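A.B. asks: Here it is: the structure, laid out below.
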Number of protein chains: 2
Amino acid sequence: MNEYTDTALQITKSWNAYQAACPTRLMLNRIADKWTVLVLGLLALETKRFSLLQREIGGISQKMLTQTLRGLERDGLVLRTVYPEVPPRVEYSITPLGQTLVGLLAELRRWSETHIEAVLQAQQAYDQQAHAATDQEISGIRRIRF
Amino acid sequence: MNEYTDTALQITKSWNAYQAACPTRLMLNRIADKWTVLVLGLLALETKRFSLLQREIGGISQKMLTQTLRGLERDGLVLRTVYPEVPPRVEYSITPLGQTLVGLLAELRRWSETHIEAVLQAQQAYDQQAHAATDQEISGIRRIRF
DNA sequence: CTGTATCCTAATCGATACTG
DNA sequence: CAGTATCGATTAGGATACAG
């Protein structure tokens, strides 16, 4: 058991992200995508078109935005609507499934904003110790730099 | 304003992940790391040593585990403790800062497990439409496959 | 405007070998 | 045991050109 077979309607939710082949890994990777949080965060507020999304997300290339949106669409988190006009207009909106995720993603952004200072400080401390010290400072002898 | 200067003690929290240079992007990327969720999820339960972590996380290579742990340590989310024994024993534990994140990460895993079926289904539907159809189905004319 | 296609570079990652 | 170092393969990603 605990396999990921195609057995339809199997009740036993045997998902376990700690196993290499578990498909929930794919979802974690999608959520974990560099741009997903930002794209979904914007679409959670309102339907937007391609060019506006690109303008509002600093540093994203056209290629990456396209790629991210395609992925989100394929995963059922975003709906793509093409209006047959010239010039073409394409609008992206969030789906109900996508909506179930936005709260979580907002919390991630909030966590980052709240704790970034602590993290940056930790990084500085880490980098300063240089970590060439080979671990005898555990015994109470603190290494002195230079 | 809204710059990321070094001005110490500046109160105005001007973080905005939608700007390319915002350091909170780094945090999002760390959280978004393929392995972070899994590693921190285990360490949230109890202190563990290297080899055990690797055994419990299916598919992670030694290199990636090392790399992930170093990053987490540098960010102040994980504490690395070396016991000067032979053979060496190294234990990894979660820090208070790391603790503030585990609830969120657990929710991510839970979301993935809860919605993976809907996502897989959406993917199937998406793949089946093949998306060679160039958008005239918007007008009500549904394309028929083959 | 909203893409796709191509080229090219840089980063990622696994596998393997080796060290204290 | 817990790594580091190195190599090669794959992938991610930016830049550019171009199409509908």
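All residue names refer to the structure tokens as shown: chains lettered A, B, ... in order, residues numbered from 1 in each chain, ligands numbered from 1 in order.
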Compile the contact shell of stretch 13-16 of chain D as a PyMOL selection string: residues with an atom at most 9 Å away, counting only C-alpha atoms (C1' of nucleotides), same-chain residues fewer than 2 positions apart removed.

C.D. replies: (chain A and resi 61+63-64) or (chain C and resi 6-7+9-10)

A.B. asks: Suppose we keep N, CA, C and O atoms (P, O5', C5', C4', C3', O3' and C1' of nucleotides); can you now write the selection as an mmCIF file, in the first residue's frame?

C.D. replies:
data_model
loop_
_atom_site.group_PDB
_atom_site.id
_atom_site.type_symbol
_atom_site.label_atom_id
_atom_site.label_comp_id
_atom_site.auth_asym_id
_atom_site.auth_seq_id
_atom_site.Cartn_x
_atom_site.Cartn_y
_atom_site.Cartn_z
ATOM 1 N N SER A 61 10.541 38.204 -16.753
ATOM 2 C CA SER A 61 10.649 38.298 -18.208
ATOM 3 C C SER A 61 9.364 37.778 -18.841
ATOM 4 O O SER A 61 8.577 37.081 -18.208
ATOM 5 N N LYS A 63 9.085 35.584 -21.062
ATOM 6 C CA LYS A 63 9.143 34.130 -21.126
ATOM 7 C C LYS A 63 8.697 33.483 -19.825
ATOM 8 O O LYS A 63 7.895 32.551 -19.823
ATOM 9 N N MET A 64 9.214 33.994 -18.725
ATOM 10 C CA MET A 64 8.897 33.411 -17.428
ATOM 11 C C MET A 64 7.442 33.644 -17.050
ATOM 12 O O MET A 64 6.809 32.776 -16.455
ATOM 13 P P DT C 6 12.298 26.897 -33.527
ATOM 14 O "O5'" DT C 6 13.640 27.689 -33.182
ATOM 15 C "C5'" DT C 6 13.898 28.922 -33.834
ATOM 16 C "C4'" DT C 6 15.094 29.612 -33.204
ATOM 17 C "C3'" DT C 6 16.202 28.658 -32.731
ATOM 18 O "O3'" DT C 6 17.417 29.045 -33.349
ATOM 19 C "C1'" DT C 6 15.705 30.293 -31.087
ATOM 20 P P DC C 7 18.694 28.076 -33.276
ATOM 21 O "O5'" DC C 7 19.689 28.977 -32.418
ATOM 22 C "C5'" DC C 7 19.778 30.384 -32.686
ATOM 23 C "C4'" DC C 7 20.439 31.071 -31.507
ATOM 24 C "C3'" DC C 7 21.620 30.292 -30.917
ATOM 25 O "O3'" DC C 7 22.740 31.153 -30.776
ATOM 26 C "C1'" DC C 7 20.107 30.910 -29.216
ATOM 27 P P DT C 9 27.290 31.769 -25.041
ATOM 28 O "O5'" DT C 9 27.173 32.192 -23.508
ATOM 29 C "C5'" DT C 9 26.462 33.383 -23.165
ATOM 30 C "C4'" DT C 9 25.806 33.185 -21.813
ATOM 31 C "C3'" DT C 9 26.741 32.574 -20.768
ATOM 32 O "O3'" DT C 9 26.849 33.497 -19.696
ATOM 33 C "C1'" DT C 9 24.626 31.471 -20.791
ATOM 34 P P DA C 10 27.784 33.162 -18.413
ATOM 35 O "O5'" DA C 10 26.732 32.745 -17.280
ATOM 36 C "C5'" DA C 10 25.501 33.446 -17.166
ATOM 37 C "C4'" DA C 10 24.630 32.730 -16.150
ATOM 38 C "C3'" DA C 10 25.384 32.227 -14.925
ATOM 39 O "O3'" DA C 10 24.542 32.422 -13.800
ATOM 40 C "C1'" DA C 10 24.335 30.396 -16.013
#

A.B. asks: If we count only C-alpha atoms (C1' of nucleotides) and set the cut-off at 9 Å, which residues sit around B:Leu69, ignoring sequence neighbours fewer than 4 positions away in its own chain? Please answer as a list of chain:residue names.

C.D. replies: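 After dropping sequence-adjacent residues, the list is B:Thr36, B:Val39, B:Met64, B:Leu65, B:Glu73, B:Arg74, B:Val78, B:Arg80, B:Tyr92.
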
A.B. asks: Show me a table, sorted first by chain and then by increasing residue number, of the residues of chain B having an atom at most 6 Å from chain A, each with its shortest atom pair and the distance in Å to one decimal, counting only C-alpha atoms and written as JSON lines.

C.D. replies:
{"residue": "B:Tyr18", "atom": "CA", "partner": "A:Ile57", "partner_atom": "CA", "distance": 5.0}
{"residue": "B:Gln19", "atom": "CA", "partner": "A:Gly58", "partner_atom": "CA", "distance": 4.6}
{"residue": "B:Ala20", "atom": "CA", "partner": "A:Gly58", "partner_atom": "CA", "distance": 4.5}
{"residue": "B:Thr24", "atom": "CA", "partner": "A:Ser112", "partner_atom": "CA", "distance": 5.4}
{"residue": "B:Met27", "atom": "CA", "partner": "A:Ser112", "partner_atom": "CA", "distance": 5.6}
{"residue": "B:Ala32", "atom": "CA", "partner": "A:Ala32", "partner_atom": "CA", "distance": 3.8}
{"residue": "B:Ile57", "atom": "CA", "partner": "A:Tyr18", "partner_atom": "CA", "distance": 5.0}
{"residue": "B:Gly58", "atom": "CA", "partner": "A:Ala20", "partner_atom": "CA", "distance": 4.5}
{"residue": "B:Gly59", "atom": "CA", "partner": "A:Ala20", "partner_atom": "CA", "distance": 4.9}
{"residue": "B:Arg74", "atom": "CA", "partner": "A:Gln123", "partner_atom": "CA", "distance": 5.1}
{"residue": "B:Asp75", "atom": "CA", "partner": "A:Val119", "partner_atom": "CA", "distance": 5.0}
{"residue": "B:Gly76", "atom": "CA", "partner": "A:Ala122", "partner_atom": "CA", "distance": 5.1}
{"residue": "B:Ser112", "atom": "CA", "partner": "A:Thr24", "partner_atom": "CA", "distance": 5.4}
{"residue": "B:Glu113", "atom": "CA", "partner": "A:Thr24", "partner_atom": "CA", "distance": 5.9}
{"residue": "B:Ile116", "atom": "CA", "partner": "A:Thr24", "partner_atom": "CA", "distance": 6.0}
{"residue": "B:Val119", "atom": "CA", "partner": "A:Asp75", "partner_atom": "CA", "distance": 5.0}
{"residue": "B:Ala122", "atom": "CA", "partner": "A:Gly76", "partner_atom": "CA", "distance": 5.1}
{"residue": "B:Gln123", "atom": "CA", "partner": "A:Arg74", "partner_atom": "CA", "distance": 5.1}
{"residue": "B:Tyr126", "atom": "CA", "partner": "A:Arg74", "partner_atom": "CA", "distance": 5.5}

A.B. asks: How many Å separate atom C1' of C:DC13 from atom C1' of D:DC1?

C.D. replies: 23.0 Å

A.B. asks: Select, as a PyMOL selection string, those residues of chain A with any atom no more than 8 Å from chain C (distances computed using only C-alpha atoms (C1' of nucleotides)).

C.D. replies: chain A and resi 50-51+87-90

A.B. asks: With N, CA, C and O atoms kept, could you save the residues just selected as a PDB file, in the first residue's frame?

C.D. replies:
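selection-v5.pdb, freshly written:
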ATOM      1  N   PHE A  50      -2.061  40.231 -19.551  1.00  0.00           N
ATOM      2  CA  PHE A  50      -0.647  39.865 -19.567  1.00  0.00           C
ATOM      3  C   PHE A  50       0.290  41.044 -19.311  1.00  0.00           C
ATOM      4  O   PHE A  50       1.133  41.000 -18.407  1.00  0.00           O
ATOM      5  N   SER A  51       0.118  42.067 -20.088  1.00  0.00           N
ATOM      6  CA  SER A  51       1.062  43.188 -20.022  1.00  0.00           C
ATOM      7  C   SER A  51       1.059  43.870 -18.653  1.00  0.00           C
ATOM      8  O   SER A  51       2.098  44.295 -18.164  1.00  0.00           O
ATOM      9  N   PRO A  87      -5.929  44.668 -31.520  1.00  0.00           N
ATOM     10  CA  PRO A  87      -4.953  43.656 -31.083  1.00  0.00           C
ATOM     11  C   PRO A  87      -5.549  42.718 -30.038  1.00  0.00           C
ATOM     12  O   PRO A  87      -6.482  43.116 -29.338  1.00  0.00           O
ATOM     13  N   PRO A  88      -5.035  41.514 -29.932  1.00  0.00           N
ATOM     14  CA  PRO A  88      -5.604  40.528 -29.013  1.00  0.00           C
ATOM     15  C   PRO A  88      -5.555  40.981 -27.561  1.00  0.00           C
ATOM     16  O   PRO A  88      -4.627  41.678 -27.150  1.00  0.00           O
ATOM     17  N   ARG A  89      -6.584  40.605 -26.835  1.00  0.00           N
ATOM     18  CA  ARG A  89      -6.613  40.880 -25.403  1.00  0.00           C
ATOM     19  C   ARG A  89      -6.752  39.549 -24.690  1.00  0.00           C
ATOM     20  O   ARG A  89      -7.619  38.735 -25.037  1.00  0.00           O
ATOM     21  N   VAL A  90      -5.903  39.308 -23.725  1.00  0.00           N
ATOM     22  CA  VAL A  90      -5.958  38.076 -22.946  1.00  0.00           C
ATOM     23  C   VAL A  90      -6.020  38.425 -21.480  1.00  0.00           C
ATOM     24  O   VAL A  90      -5.190  39.183 -20.993  1.00  0.00           O
TER      25      VAL A  90
END

A.B. asks: Kindly provide, as a PyMOL selection string, the residues of chain D having any atom no farther than 10 Å from an atom of chain B, counting only C-alpha atoms (C1' of nucleotides).

C.D. replies: chain D and resi 1-4

A.B. asks: Give me a file of those residues, with C-alpha atoms (C1' of nucleotides), as a tab-separated table (two decimals), in the first residue's frame.

C.D. replies:
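Saved file part_31.tsv follows:
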chain	number	residue	atom	x	y	z
D	1	DC	C1'	29.30	9.55	9.77
D	2	DA	C1'	29.24	13.73	7.62
D	3	DG	C1'	30.73	15.89	4.76
D	4	DT	C1'	33.82	18.42	0.40

A.B. asks: Nearest to D:DG20: which of A:Leu40, A:Glu85, A:Thr68, A:Thr47 is it, counting only C-alpha atoms (C1' of nucleotides)?

C.D. replies: A:Glu85

A.B. asks: By how many Å are atom CA of A:Val102 and atom CA of B:Gln99 apart?

C.D. replies: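 Computing the Euclidean distance for atom CA of A:Val102 and atom CA of B:Gln99 yields 22.0 Å.
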
A.B. asks: Got a sec to tell me which of stretch 52-87 of chain A DSSP assigns to strand (DSSP E), as JSON, numbers by chain?

C.D. replies: {"A": [78, 79, 80, 81, 82, 83]}

A.B. asks: Output the selection as a PDB file, in the first residue's frame - N, CA, C and O atoms for each residue.

C.D. replies:
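Result saved to again-v6.pdb:
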ATOM      1  N   VAL A  78      -5.528  29.045 -12.518  1.00  0.00           N
ATOM      2  CA  VAL A  78      -5.750  30.293 -13.226  1.00  0.00           C
ATOM      3  C   VAL A  78      -6.548  30.032 -14.499  1.00  0.00           C
ATOM      4  O   VAL A  78      -6.366  28.996 -15.147  1.00  0.00           O
ATOM      5  N   LEU A  79      -7.443  30.948 -14.821  1.00  0.00           N
ATOM      6  CA  LEU A  79      -8.217  30.825 -16.049  1.00  0.00           C
ATOM      7  C   LEU A  79      -7.743  31.845 -17.071  1.00  0.00           C
ATOM      8  O   LEU A  79      -7.595  33.028 -16.763  1.00  0.00           O
ATOM      9  N   ARG A  80      -7.509  31.377 -18.289  1.00  0.00           N
ATOM     10  CA  ARG A  80      -7.030  32.239 -19.360  1.00  0.00           C
ATOM     11  C   ARG A  80      -8.175  32.488 -20.340  1.00  0.00           C
ATOM     12  O   ARG A  80      -8.759  31.542 -20.858  1.00  0.00           O
ATOM     13  N   THR A  81      -8.478  33.734 -20.562  1.00  0.00           N
ATOM     14  CA  THR A  81      -9.573  34.078 -21.457  1.00  0.00           C
ATOM     15  C   THR A  81      -9.073  34.962 -22.584  1.00  0.00           C
ATOM     16  O   THR A  81      -8.537  36.039 -22.340  1.00  0.00           O
ATOM     17  N   VAL A  82      -9.261  34.481 -23.800  1.00  0.00           N
ATOM     18  CA  VAL A  82      -8.797  35.221 -24.968  1.00  0.00           C
ATOM     19  C   VAL A  82      -9.979  35.898 -25.643  1.00  0.00           C
ATOM     20  O   VAL A  82     -10.964  35.245 -25.973  1.00  0.00           O
ATOM     21  N   TYR A  83      -9.887  37.194 -25.838  1.00  0.00           N
ATOM     22  CA  TYR A  83     -10.922  37.908 -26.556  1.00  0.00           C
ATOM     23  C   TYR A  83     -10.466  38.085 -27.995  1.00  0.00           C
ATOM     24  O   TYR A  83      -9.404  38.642 -28.248  1.00  0.00           O
TER      25      TYR A  83
END

A.B. asks: At what distance in Å, to one decimal, does atom CA of A:Gln67 lie from atom CA of A:Leu43?

C.D. replies: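 Computing the Euclidean distance for atom CA of A:Leu43 and atom CA of A:Gln67 yields 15.7 Å.
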
A.B. asks: Step one, run DSSP on the backbone; step two, keep only residues of stretch 32-122 of chain A assigned to helix (DSSP H, G or I); then write them as a ChimeraX atom specification.

C.D. replies: /A:36-45,50-56,62-74,96-122
